[in-house]
Amino acid sequence: MKKFSEIVNFVRYDMWRRTTTEFDGFLQKLAYGTIRTIVLVIRGFASKNLNDKAKSLTYSLIFAIIPILAMILAVAKGFGVADVIEQQLNMSFLGETNMVPTIMAMVERYLETAQGGLFIGIGILILLWAVYSFFQSVESAFNKIWNVQRSRSILHQVTTYIAIVVLIPVLIVCSAGINIFVHTALEGVTNIEWLHTFFQTSGLKFLQFLLCWLFFTLMYIGIPNTKVRFMSAVIPGIIMGTLFQLLQMLSVYLIAMLSRTSIVYGAFATVPILMTWLQYTSLLILIGAEMSYAIQNNEEFEYEHDLILMSRRYKDFIMLYLLSTIIHRFEADKPALTAHELAVRDNLPIRLVNRLLSRLVETGILTEVPKENADDCIYQPALDTHKISIGMVVNRIEQQGVEHFLQAPSANMQAFWEKYLKAMEGNRSLDQVYIDKL
């Protein structure tokens, strides 16, 4: 029991009481980073209701799947590769359900309806709106995972979504092209039968996995309205792409089993599995987005519990220390530092450093200067450094925000406020100002 308690304390508190710069070597950094990421994903799954979001996304996908496929097929027809798209659908889970001919027929009818709308262009607009609405709901889910408050502009959204729709058939055609190229190359190699067998099984499967990894990675980079680092996207892209392929294999196995018991459900047998497949696919996508966020923002959760319980005195001390560092470097004509560089310099949690520097900027003591050839900012004094005193800094921080906003304060409260201001402005030590005398 004691051992279990120690493990719980380590996962909840002790593991976060070390900054990234304090780890000894790559392996320790990797181990801590992996455990932290798993913990953050589990926490995010519970706190952000990813399961409910996945259900909502599933219903959106059900309504949008025909318009999306219609859009992809229209692009594929423009490139002359519509047959390749249909072949790839037959090789997927949908092919095992024998629903591809039905889906393709619905897509064809949808495109005919869009081209021959009641008014010119109305059908196309409805098609575009259906695709836009789905991708907007996906982006909204990703932005909530990343704690991004603002979505892209409508123009930026449209261009991004069109790029995604165009990219999907391009990736499929590239995958099919690689398959054809290898087949052609192997035709002249008649004496190596095992190579043909290997490619027909393992090689083809690997191409499917590779295509999934690439698509998931690009999705985690492109959809959130924030800058996502490549490594923060490729790791969940590979993991979730692999799980997606395994989910397809499991679904195919279940379809094969149900085909033997279809006497009960008939043609309806594949519908529950299709719905479940869509829901778990949506869930995998959202968990991957949460993993991407956790990998990139791992440092933001260092000393999380301690920062909540942090005393005001210690917070003021670190803020004044950061200010002192910035002033001394400025007076010594040394290069100014970014928030991350200041945090690494003294093994400070980046979340605290960002918060304190923001307060100093808001009070006009520091100023942010865009760093050359970078997306980050450096910090410089905004005032004459010889006039920045501890008292001035503390007073500006204390007075930051709205004061005296009550519409009808009592006379006693107003009198106490005036005496309080007078005591604070006086030259006497506050240790000699007693509450019962105010």
# chains A, B, ... in the order shown; residues from 1 in each chain; ligands from 1
>>> closest_atom_pairs(of="segment 10-77 of chain A", to="segment 163-171 of chain A", cutoff="9 Å", atoms="only C-alpha atoms", output="tab-separated table")
residue	atom	partner	partner_atom	distance
A:Ile68	CA	A:Val165	CA	7.9
A:Met71	CA	A:Val165	CA	7.2
A:Ile72	CA	A:Val165	CA	6.0
A:Leu73	CA	A:Pro169	CA	8.0
A:Val75	CA	A:Val166	CA	6.5
A:Ala76	CA	A:Pro169	CA	6.1
>>> closest_atom_pairs(of="segment 275-356 of chain A", to="segment 214-235 of chain A", cutoff="12 Å", atoms="only C-alpha atoms", output="JSON lines")
{"residue": "A:Thr281", "atom": "CA", "partner": "A:Phe216", "partner_atom": "CA", "distance": 11.5}
{"residue": "A:Ser282", "atom": "CA", "partner": "A:Phe216", "partner_atom": "CA", "distance": 11.9}
{"residue": "A:Leu284", "atom": "CA", "partner": "A:Phe216", "partner_atom": "CA", "distance": 10.2}
{"residue": "A:Ile285", "atom": "CA", "partner": "A:Phe216", "partner_atom": "CA", "distance": 7.9}
{"residue": "A:Leu286", "atom": "CA", "partner": "A:Tyr220", "partner_atom": "CA", "distance": 9.6}
{"residue": "A:Ile287", "atom": "CA", "partner": "A:Tyr220", "partner_atom": "CA", "distance": 10.9}
{"residue": "A:Gly288", "atom": "CA", "partner": "A:Tyr220", "partner_atom": "CA", "distance": 7.8}
{"residue": "A:Ala289", "atom": "CA", "partner": "A:Tyr220", "partner_atom": "CA", "distance": 6.2}
{"residue": "A:Glu290", "atom": "CA", "partner": "A:Tyr220", "partner_atom": "CA", "distance": 9.7}
{"residue": "A:Met291", "atom": "CA", "partner": "A:Ser232", "partner_atom": "CA", "distance": 8.1}
{"residue": "A:Ser292", "atom": "CA", "partner": "A:Ser232", "partner_atom": "CA", "distance": 5.0}
{"residue": "A:Tyr293", "atom": "CA", "partner": "A:Ser232", "partner_atom": "CA", "distance": 7.3}
{"residue": "A:Ala294", "atom": "CA", "partner": "A:Ser232", "partner_atom": "CA", "distance": 8.3}
{"residue": "A:Ile295", "atom": "CA", "partner": "A:Ser232", "partner_atom": "CA", "distance": 5.6}
{"residue": "A:Gln296", "atom": "CA", "partner": "A:Ser232", "partner_atom": "CA", "distance": 5.5}
{"residue": "A:Asn297", "atom": "CA", "partner": "A:Ser232", "partner_atom": "CA", "distance": 9.2}
{"residue": "A:Asn298", "atom": "CA", "partner": "A:Ser232", "partner_atom": "CA", "distance": 10.4}
>>> residues_around(residues="segment 382-384 of chain A", least_positions_apart="2", cutoff="10 Å", atoms="only C-alpha atoms", output="JSON, numbers by chain")
{"A": [327, 360, 361, 363, 364, 365, 366, 367, 368, 379, 380, 386, 387, 388]}
>>> residues_around(residues="Ser140 of chain A", least_positions_apart="4", cutoff="8 Å", atoms="only C-alpha atoms", output="PyMOL selection string")
chain A and resi 136+144+151
>>> write_last_selection(atoms="C-alpha atoms", output="short mmCIF file (atom, residue, chain, number, x, y, z; two decimals), in the first residue's frame")
data_model
loop_
_atom_site.label_atom_id
_atom_site.label_comp_id
_atom_site.auth_asym_id
_atom_site.auth_seq_id
_atom_site.Cartn_x
_atom_site.Cartn_y
_atom_site.Cartn_z
CA GLN A 136 -15.04 23.30 -39.22
CA LYS A 144 -10.51 23.10 -27.81
CA SER A 151 -10.53 29.98 -35.15
#
>>> residues_around(residues="Glu300 of chain A", least_positions_apart="4", cutoff="9 Å", atoms="only C-alpha atoms", output="PyMOL selection string")
chain A and resi 296+304+349-352
>>> residues_around(residues="segment 3-15 of chain A", least_positions_apart="2", cutoff="8 Å", atoms="only C-alpha atoms", output="PyMOL selection string")
chain A and resi 1+17-18+32+36+39+303+305
>>> atom_distance(atom1="atom CA of Leu57 of chain A", atom2="atom CA of Thr276 of chain A")
12.4 Å
